[in-house]
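Engineer: Handing over work_1.txt, compact mmCIF, C-alpha atoms.
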# COMPACT_ATOMS: atom_id res chain seq x y z
CA MET T 1 90.66 -0.19 98.10
CA LYS T 2 91.42 1.35 94.73
CA THR T 3 92.70 4.86 94.46
CA LYS T 4 91.01 6.96 91.83
CA VAL T 5 93.49 8.44 89.35
CA ASN T 6 92.99 12.04 88.33
CA HIS T 7 93.71 11.82 84.59
CA SER T 8 93.71 15.60 84.25
CA PHE T 9 96.48 15.93 86.88
CA ARG T 10 98.54 13.18 85.20
CA PHE T 11 98.20 14.96 81.89
CA GLN T 12 99.44 18.20 83.46
CA ILE T 13 102.52 16.42 84.88
CA ASN T 14 103.32 14.88 81.49
CA LEU T 15 102.93 18.30 79.90
CA TRP T 16 105.51 19.85 82.27
CA ILE T 17 108.14 17.09 82.01
CA PRO T 18 109.83 18.44 78.81
CA PHE T 19 110.09 21.91 80.36
CA LEU T 20 111.59 20.48 83.54
CA LEU T 21 114.19 18.58 81.50
CA ILE T 22 115.11 21.73 79.58
CA ALA T 23 115.46 23.66 82.85
CA ILE T 24 117.74 20.96 84.27
CA LEU T 25 119.91 20.98 81.14
CA LEU T 26 120.18 24.76 81.21
CA SER T 27 121.09 24.63 84.88
CA CYS T 28 123.89 22.14 84.13
CA LYS T 29 125.15 24.39 81.36
CA GLU T 30 125.29 27.37 83.71
CA ASN T 31 127.16 25.35 86.31
CA THR T 32 129.72 24.37 83.70
CA LYS T 33 130.38 28.04 82.97
CA GLU T 34 130.77 28.70 86.68
CA ASP T 35 133.18 25.79 86.99
CA ILE T 36 135.40 27.21 84.25
CA SER T 37 135.84 30.50 86.12
CA ILE T 38 135.65 29.14 89.66
CA PHE T 39 139.37 29.55 90.26
CA GLU T 40 139.15 33.20 89.26
CA LEU T 41 136.25 33.84 91.61
CA SER T 42 137.73 31.94 94.53
CA GLU T 43 141.24 33.44 94.47
CA PHE T 44 140.44 37.06 93.76
CA GLU T 45 138.16 38.99 96.08
CA THR T 46 138.45 42.20 94.06
CA VAL T 47 137.25 42.38 90.44
CA GLU T 48 137.66 45.60 88.45
CA LYS T 49 136.07 46.30 85.08
CA LEU T 50 138.23 48.72 83.13
CA LYS T 51 137.94 50.38 79.74
CA ALA T 52 140.61 49.85 77.08
CA GLU T 53 140.96 53.08 75.10
CA TYR T 54 141.91 52.62 71.45
CA MET T 55 145.18 54.31 70.44
CA SER T 56 144.30 55.09 66.84
CA ILE T 57 147.49 56.95 65.90
CA ALA T 58 149.93 54.61 67.65
CA SER T 59 148.30 51.60 66.01
CA THR T 60 149.22 52.89 62.55
CA HIS T 61 152.95 52.75 63.36
CA ILE T 62 153.19 48.96 63.68
CA ASN T 63 152.58 45.94 61.49
CA ARG T 64 152.57 43.16 64.08
CA ALA T 65 153.68 43.11 67.71
CA TYR T 66 155.53 40.12 69.14
CA ASP T 67 156.39 41.76 72.45
CA LEU T 68 155.80 45.05 74.31
CA LEU T 69 157.85 46.95 76.87
CA ILE T 70 157.44 50.42 78.41
CA LEU T 71 160.54 52.48 79.19
CA ASN T 72 160.18 56.07 80.46
CA ASP T 73 156.67 56.46 78.97
CA ASN T 74 157.86 55.21 75.60
CA LEU T 75 156.49 51.98 74.15
CA ILE T 76 159.03 49.56 72.69
CA VAL T 77 157.45 47.13 70.23
CA SER T 78 159.05 44.02 68.80
CA ASP T 79 157.94 44.51 65.18
CA PRO T 80 160.83 43.45 62.94
CA ASN T 81 161.21 44.53 59.33
CA SER T 82 164.09 43.98 56.92
CA GLU T 83 166.38 46.41 58.79
CA LYS T 84 165.39 46.89 62.44
CA HIS T 85 163.87 44.67 65.12
CA PHE T 86 162.20 47.20 67.46
CA LYS T 87 160.09 50.36 67.15
CA ILE T 88 159.65 53.14 69.70
CA ILE T 89 156.35 55.02 70.12
CA GLY T 90 155.90 58.00 72.43
CA LEU T 91 152.92 57.38 74.68
CA SER T 92 152.27 61.05 75.45
CA ASN T 93 151.40 61.90 71.84
CA GLU T 94 151.42 58.47 70.10
CA ALA T 95 154.21 59.64 67.79
CA PHE T 96 156.64 57.27 66.09
CA LEU T 97 160.07 58.07 67.56
CA GLY T 98 162.43 55.67 65.83
CA SER T 99 163.68 52.11 65.38
CA PHE T 100 166.63 50.17 66.77
CA GLY T 101 168.20 46.74 66.77
CA ARG T 102 169.84 46.25 63.38
CA ILE T 103 169.05 42.82 62.00
CA GLY T 104 172.07 40.80 60.93
CA ASN T 105 175.04 38.77 62.12
CA GLY T 106 177.58 41.56 62.46
CA PRO T 107 178.75 43.61 65.45
CA CYS T 108 175.86 45.18 67.35
CA GLU T 109 173.36 43.30 65.20
CA ILE T 110 170.66 40.87 66.32
CA GLN T 111 168.38 38.27 64.79
CA PHE T 112 164.70 37.53 65.19
CA PRO T 113 163.49 36.52 67.70
CA ALA T 114 165.13 38.66 70.38
CA SER T 115 163.81 39.46 73.87
CA ILE T 116 164.44 42.70 75.75
CA GLN T 117 164.46 43.60 79.44
CA ILE T 118 164.63 46.81 81.45
CA LEU T 119 167.76 46.81 83.59
CA ASN T 120 167.00 49.93 85.60
CA GLU T 121 163.88 52.09 85.63
CA SER T 122 165.91 55.30 85.60
CA SER T 123 168.33 54.11 82.92
CA SER T 124 168.08 54.09 79.14
CA VAL T 125 170.07 50.86 78.90
CA ILE T 126 168.16 47.71 77.99
CA GLY T 127 169.28 44.10 77.88
CA VAL T 128 168.79 42.09 74.69
CA ASN T 129 168.66 38.30 74.61
CA ASN T 130 169.68 37.37 71.07
CA ARG T 131 167.85 34.06 71.27
CA LYS T 132 168.81 32.71 67.88
CA ASN T 133 172.53 32.63 68.74
CA PHE T 134 172.12 32.26 72.55
CA GLY T 135 173.70 35.68 73.12
CA TYR T 136 173.19 38.63 75.44
CA ARG T 137 174.15 42.28 74.88
CA GLU T 138 173.12 45.69 76.12
CA ILE T 139 171.96 48.71 74.10
CA PHE T 140 171.86 52.37 75.12
CA LEU T 141 168.79 54.26 73.89
CA ASP T 142 169.37 58.01 73.64
CA GLU T 143 165.95 59.65 73.97
CA ASN T 144 167.27 62.85 72.41
CA GLN T 145 168.18 61.07 69.19
CA PHE T 146 165.28 58.66 68.62
CA ASN T 147 164.39 60.11 65.22
CA SER T 148 167.92 59.77 63.82
CA MET T 149 169.02 57.05 66.17
CA LYS T 150 171.97 54.83 65.47
CA ASP T 151 172.27 51.79 67.69
CA SER T 152 174.67 52.41 70.53
CA CYS T 153 175.81 49.02 71.77
CA LEU T 154 177.47 48.62 75.10
CA LYS T 155 179.17 45.41 76.13
CA ASP T 156 178.45 42.25 74.19
CA TYR T 157 178.54 39.46 76.73
CA GLY T 158 178.91 36.81 74.05
CA LYS T 159 177.17 33.50 73.67
CA PHE T 160 175.87 31.24 76.40
CA ASP T 161 174.86 27.60 76.64
CA TYR T 162 173.11 26.48 73.45
CA ASN T 163 170.38 24.76 75.47
CA TYR T 164 168.94 28.11 76.56
CA GLN T 165 165.62 29.17 75.07
CA LYS T 166 165.41 32.46 76.99
CA ILE T 167 167.79 34.27 79.33
CA ILE T 168 167.69 37.42 81.47
CA LYS T 169 170.30 39.30 83.46
CA LEU T 170 169.72 38.90 87.22
CA ASP T 171 172.62 40.97 88.54
CA GLU T 172 176.12 42.03 87.48
CA LYS T 173 177.43 38.47 87.79
CA ASN T 174 174.60 36.17 86.79
CA LEU T 175 172.20 35.32 84.01
CA VAL T 176 169.30 32.91 84.46
CA GLY T 177 167.11 31.23 81.90
CA THR T 178 164.92 28.37 80.79
CA GLY T 179 165.69 25.82 78.12
CA LEU T 180 166.53 22.21 77.38
CA PHE T 181 167.86 21.47 80.85
CA GLU T 182 167.16 18.61 83.22
CA GLN T 183 165.78 21.13 85.72
CA ARG T 184 163.50 24.09 85.15
CA PHE T 185 166.07 26.90 85.45
CA ALA T 186 169.77 27.28 84.70
CA LEU T 187 172.02 29.92 86.27
CA SER T 188 175.08 31.09 84.29
CA SER T 189 178.12 33.22 85.03
CA ILE T 190 178.20 36.40 82.97
CA ASP T 191 182.01 36.41 82.97
CA ASN T 192 182.67 33.05 81.33
CA GLY T 193 179.22 31.81 80.29
CA SER T 194 179.48 28.56 82.23
CA ILE T 195 176.46 26.94 83.89
CA ILE T 196 176.71 27.45 87.66
CA SER T 197 173.69 25.40 88.67
CA GLU T 198 170.30 24.07 87.64
CA PHE T 199 167.24 24.42 89.83
CA GLY T 200 163.57 23.47 90.13
CA LYS T 201 161.15 20.90 88.81
CA TYR T 202 158.91 21.21 85.80
CA PRO T 203 155.26 21.53 86.87
CA PHE T 204 153.57 18.12 87.12
CA GLU T 205 156.72 16.36 85.92
CA GLU T 206 155.75 13.22 87.88
CA GLU T 207 152.50 12.99 85.90
CA LEU T 208 154.47 13.49 82.68
CA SER T 209 157.24 11.03 83.50
CA GLN T 210 156.94 9.38 80.06
CA TYR T 211 158.60 12.48 78.58
CA ASP T 212 162.22 13.53 79.03
CA HIS T 213 163.25 17.02 80.13
CA ASN T 214 163.75 18.23 76.55
CA VAL T 215 160.09 17.64 75.71
CA LEU T 216 158.95 19.18 78.99
CA ALA T 217 161.02 22.28 78.27
CA MET T 218 159.24 22.65 74.94
CA ALA T 219 155.82 22.09 76.53
CA TYR T 220 156.38 24.68 79.26
CA GLN T 221 157.72 27.52 77.13
CA GLY T 222 156.72 30.95 78.33
CA GLU T 223 158.17 34.18 79.66
CA ILE T 224 160.89 34.89 82.21
CA ILE T 225 160.88 38.42 83.65
CA LYS T 226 163.03 40.04 86.33
CA HIS T 227 161.81 42.22 89.18
CA PRO T 228 162.69 45.88 88.35
CA LYS T 229 165.05 46.26 91.33
CA LYS T 230 165.57 42.95 93.13
CA PRO T 231 167.22 39.66 92.06
CA LEU T 232 163.81 38.01 91.70
CA PHE T 233 162.11 36.71 88.59
CA ILE T 234 158.85 35.16 87.45
CA SER T 235 158.66 32.32 84.94
CA THR T 236 155.34 31.54 83.26
CA SER T 237 153.87 28.96 80.90
CA ILE T 238 151.85 29.94 77.85
CA ASN T 239 150.25 26.56 77.14
CA SER T 240 149.16 25.88 80.73
CA PHE T 241 148.47 27.97 83.80
CA ASN T 242 151.62 27.63 85.86
CA PHE T 243 154.13 30.16 87.16
CA ASP T 244 157.04 30.30 89.60
CA ILE T 245 158.56 33.24 91.46
CA ILE T 246 162.24 32.58 92.17
CA ALA T 247 164.90 34.50 94.14
CA LEU T 248 168.67 34.62 93.74
CA ASN T 249 170.23 34.36 97.20
CA THR T 250 173.46 35.95 98.44
CA ASP T 251 175.24 32.58 98.17
CA ASN T 252 174.31 32.40 94.45
CA SER T 253 171.68 29.72 95.02
CA LEU T 254 168.10 29.91 93.76
CA SER T 255 165.06 29.45 95.98
CA VAL T 256 161.28 29.40 95.49
CA ILE T 257 159.27 32.40 96.67
CA ALA T 258 155.97 31.11 95.28
CA GLN T 259 154.66 28.38 92.99
CA LYS T 260 151.27 28.45 91.30
CA HIS T 261 150.75 25.19 89.41
CA TYR T 262 147.18 24.66 88.20
CA TRP T 263 147.25 22.18 85.31
CA SER T 264 149.63 20.46 82.93
CA PRO T 265 149.47 21.03 79.16
CA LEU T 266 147.86 18.45 76.88
CA PHE T 267 150.37 17.58 74.19
CA ASN T 268 152.02 14.89 72.09
CA GLY T 269 155.75 14.82 72.71
CA VAL T 270 158.60 13.62 70.52
CA SER T 271 162.24 13.46 71.61
CA GLY T 272 165.43 12.50 69.81
CA ASN T 273 166.80 14.34 66.79
CA ALA T 274 163.61 16.41 66.52
CA ILE T 275 162.22 17.58 69.87
CA GLN T 276 158.56 18.52 69.80
CA ALA T 277 155.64 19.13 72.13
CA THR T 278 152.57 19.57 69.94
CA MET T 279 149.55 20.82 71.85
CA THR T 280 146.24 19.04 71.34
CA SER T 281 143.15 20.93 70.21
CA ASP T 282 141.70 20.61 73.73
CA ASN T 283 144.72 22.11 75.50
CA LYS T 284 143.83 25.18 77.52
CA LYS T 285 146.26 28.08 77.36
CA GLY T 286 147.42 29.85 80.51
CA CYS T 287 149.65 32.94 80.68
CA LEU T 288 149.29 34.63 77.30
CA SER T 289 151.39 37.63 78.32
CA THR T 290 153.08 38.79 81.52
CA THR T 291 154.35 42.19 82.65
CA VAL T 292 155.65 43.46 85.99
CA THR T 293 156.18 46.52 88.16
CA GLU T 294 158.05 46.88 91.42
CA LYS T 295 154.88 45.95 93.33
CA TYR T 296 152.84 43.71 91.07
CA ILE T 297 152.77 40.99 88.44
CA TYR T 298 150.12 41.23 85.69
CA ILE T 299 149.19 38.04 83.83
CA LEU T 300 146.91 38.03 80.79
CA TYR T 301 145.05 34.80 81.55
CA SER T 302 143.33 32.59 78.97
CA GLY T 303 141.98 29.33 80.42
CA LYS T 304 140.62 28.40 76.99
CA SER T 305 141.74 26.19 74.13
CA ARG T 306 142.64 27.58 70.72
CA LYS T 307 139.34 26.35 69.26
CA GLU T 308 137.54 28.24 72.05
CA GLY T 309 139.36 31.45 71.13
CA GLY T 310 142.04 31.06 73.77
CA VAL T 311 144.71 33.08 71.94
CA ASP T 312 143.36 36.35 73.35
CA SER T 313 141.63 37.36 76.56
CA ASN T 314 140.14 40.22 78.55
CA THR T 315 141.13 38.75 81.94
CA ILE T 316 144.20 40.14 83.70
CA LEU T 317 145.26 38.55 86.99
CA VAL T 318 147.27 40.71 89.40
CA TYR T 319 149.59 39.18 92.02
CA ASP T 320 152.18 40.59 94.37
CA TRP T 321 155.78 39.32 94.33
CA GLU T 322 154.95 36.73 96.97
CA GLY T 323 152.38 35.19 94.64
CA LYS T 324 149.38 36.45 96.61
CA PRO T 325 146.29 37.37 94.57
CA VAL T 326 145.61 41.12 94.54
CA LYS T 327 142.77 41.65 92.08
CA LEU T 328 141.26 40.53 88.80
CA ILE T 329 140.91 43.05 85.98
CA LYS T 330 138.29 42.63 83.27
CA SER T 331 139.03 44.71 80.19
CA ASP T 332 136.25 45.58 77.76
CA LYS T 333 138.57 44.48 74.93
CA ASN T 334 140.32 41.19 74.27
CA LEU T 335 144.12 41.41 74.13
CA ASN T 336 147.09 39.30 73.00
CA LEU T 337 149.86 41.20 74.81
CA ILE T 338 150.17 43.59 77.75
CA ALA T 339 152.86 45.91 79.16
CA ALA T 340 152.80 47.94 82.39
CA ASP T 341 154.44 51.28 83.03
CA ALA T 342 156.95 51.37 85.89
CA LYS T 343 154.66 53.23 88.29
CA GLY T 344 151.67 50.96 87.68
CA LYS T 345 149.48 53.78 86.40
CA TYR T 346 148.46 52.13 83.14
CA LEU T 347 148.75 49.10 80.88
CA ILE T 348 149.28 49.10 77.13
CA GLY T 349 147.54 46.23 75.38
CA TYR T 350 147.85 44.83 71.87
CA HIS T 351 145.24 42.90 69.91
CA ASP T 352 145.56 41.43 66.43
CA ASP T 353 142.24 41.02 64.61
CA GLY T 354 143.90 41.04 61.20
CA GLN T 355 145.04 44.58 61.91
CA PRO T 356 147.36 45.81 64.70
CA ASN T 357 145.49 47.51 67.54
CA LEU T 358 147.00 49.22 70.59
CA PHE T 359 144.97 50.12 73.68
CA LYS T 360 145.60 51.99 76.92
CA ILE T 361 144.06 50.81 80.20
CA THR T 362 144.24 53.31 83.06
CA LEU T 363 144.67 51.44 86.35
CA ASN T 364 142.94 52.30 89.62
Is it possible to express this structure as C-alpha cells?

Structural biologist:
Amino acid sequence: MKTKVNHSFRFQINLWIPFLLIAILLSCKENTKEDISIFELSEFETVEKLKAEYMSIASTHINRAYDLLILNDNLIVSDPNSEKHFKIIGLSNEAFLGSFGRIGNGPCEIQFPASIQILNESSSVIGVNNRKNFGYREIFLDENQFNSMKDSCLKDYGKFDYNYQKIIKLDEKNLVGTGLFEQRFALSSIDNGSIISEFGKYPFEEELSQYDHNVLAMAYQGEIIKHPKKPLFISTSINSFNFDIIALNTDNSLSVIAQKHYWSPLFNGVSGNAIQATMTSDNKKGCLSTTVTEKYIYILYSGKSRKEGGVDSNTILVYDWEGKPVKLIKSDKNLNLIAADAKGKYLIGYHDDGQPNLFKITLN
C-alpha cells in the first residue's frame, strides 16, 4: 500500500530548515559565551554591579599609571618622569600633593621599575623594591610636607639575589619574592641577603616540562602582595589565571594556604643566554591587577586574549585570605589597574584609552 505524500507539507518543512539551522547556530554561539564565563558563575554566588565614578580632576595629574596604592586616603601612582618615580594625589579633594622617589643611582635614589608596599596601615613608611638593581629600601612620607617634600629615606637594606624579579618584606627578618628560581618562591634573610629556602611548584609545571624554571618564571610573572598585618602573601599570574596564598610559619618555613590554578599560559619559550616566554595571540590573560585589604583580595580578572581586548576588564573577583570566593563585582567601566583602601570602603581604578583616567568605585 502506497502512502500519499502531502507535497504542501514537505514544502513547508523545506522552507523551515534554513531557519532551524540558524537557530541552532545561534544557540551554539550563546552556549560558547556561557562557557567562557561559567567559572565566574559557578564560583561566585553573589554578583554586584557597581558604578565607577570618573575622577576628572585627579586624572589630569598623571600621564600614565604603572601601579596604584592607597595610603591614608592618599593615592600613590607609579608615574615616573625625568626626576621622580611616584606621585601622590589626595582622594578627598583630588588635589596633587607631591612627588617622591628620586630617579638615579645615588643614595636614596631608585630606578624604573620599582614596586612599593604598605608596611603598616597606621604608618607613613612604605617599602620600595628597586627591581632594576634587586634592592629594597624604606621611605618615610611626611603628610605635612607633601607639597615641598624631600625624600626621607630610612634604612637601605642593600641588594639581594640577582635572580629576583619582585620582592616584598614579610616581617622584620625576611623578604620573599619570585624570580628565576627552581621553585616558585624564594625566602631571603634581610640581614645578609642570603637565600634561606625555595618553595612551591610553578602552576602546571608537569604539563610544561619541556621548559626549564627560568622560562616558567618569565611565563608566570605577576604580582606578589603581603597581607596588611600578617605574614601572608598572595602571588598572581598576569598571563594566566593562577594564584597562590602562602604563609610564613614560626619556624621560617613557607606553607600553602590556598592554590587556585585554572589554566597554563600559551607561550613560546626560549632559554639560554636570552630567556624569553613570548605569549601567543590566543593566550588568555588572568590577573590584570591585584589589591588587598585585611579581609579581602580583589583581582581584576580578564579571561580574554589580547586580540579579544583582554588588557582591560570590568570584572573584579573578591576572595578571602583562605582563597574562598566572596563575590564578583561588575564595574560599568573597564579598568587596567585597581587599588583598595585599607578599610575596604572603595576601590580606585585606572584605565588608559589613550588618556589617563581614574575612577572611584564605592563598595557595598

Engineer: What does the structure give for the distance between CA of Thr280 (chain T) and CA of Ser305 (chain T), in Å to one decimal?

Structural biologist: 8.9 Å

Engineer: Nearest to Leu335 (chain T): which of T:Glu308, T:Asp320, T:Glu207, T:Asp353 is it, counting all atoms listed in the file?

Structural biologist: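 Nearest candidate to Leu335 (chain T) out of T:Glu308, T:Asp320, T:Glu207, T:Asp353: T:Asp353.
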
Engineer: Which residues are near Gln221 (chain T)? Cut-off 9 Å, only C-alpha atoms, ignore same chain within fewer than 3 positions. Put them as a VMD selection string.

Structural biologist: chain T and resid 165 178 to 179 216 to 218 236 to 239

Engineer: How far is it from CA of His351 (chain T) to CA of Lys87 (chain T), in Å with one decimal?

Structural biologist: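 About the pair CA of His351 (chain T) and CA of Lys87 (chain T): they are 16.8 Å apart.
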
Engineer: With a distance cut-off of 7 Å and all atoms listed in the file, select the neighbouring residues of Gly269 (chain T), excluding the residue or stretch itself and same-chain residues fewer than 3 positions from it, and output the selection as a PyMOL selection string.

Structural biologist: chain T and resi 211+215+276-278

Engineer: From the list T:His261, T:Lys159, T:Lys166, T:Arg102, which residue is nearest Gly193 (chain T) when using all atoms listed in the file?

Structural biologist: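 Residue with the minimum atom-to-atom distance to Gly193 (chain T): T:Lys159.
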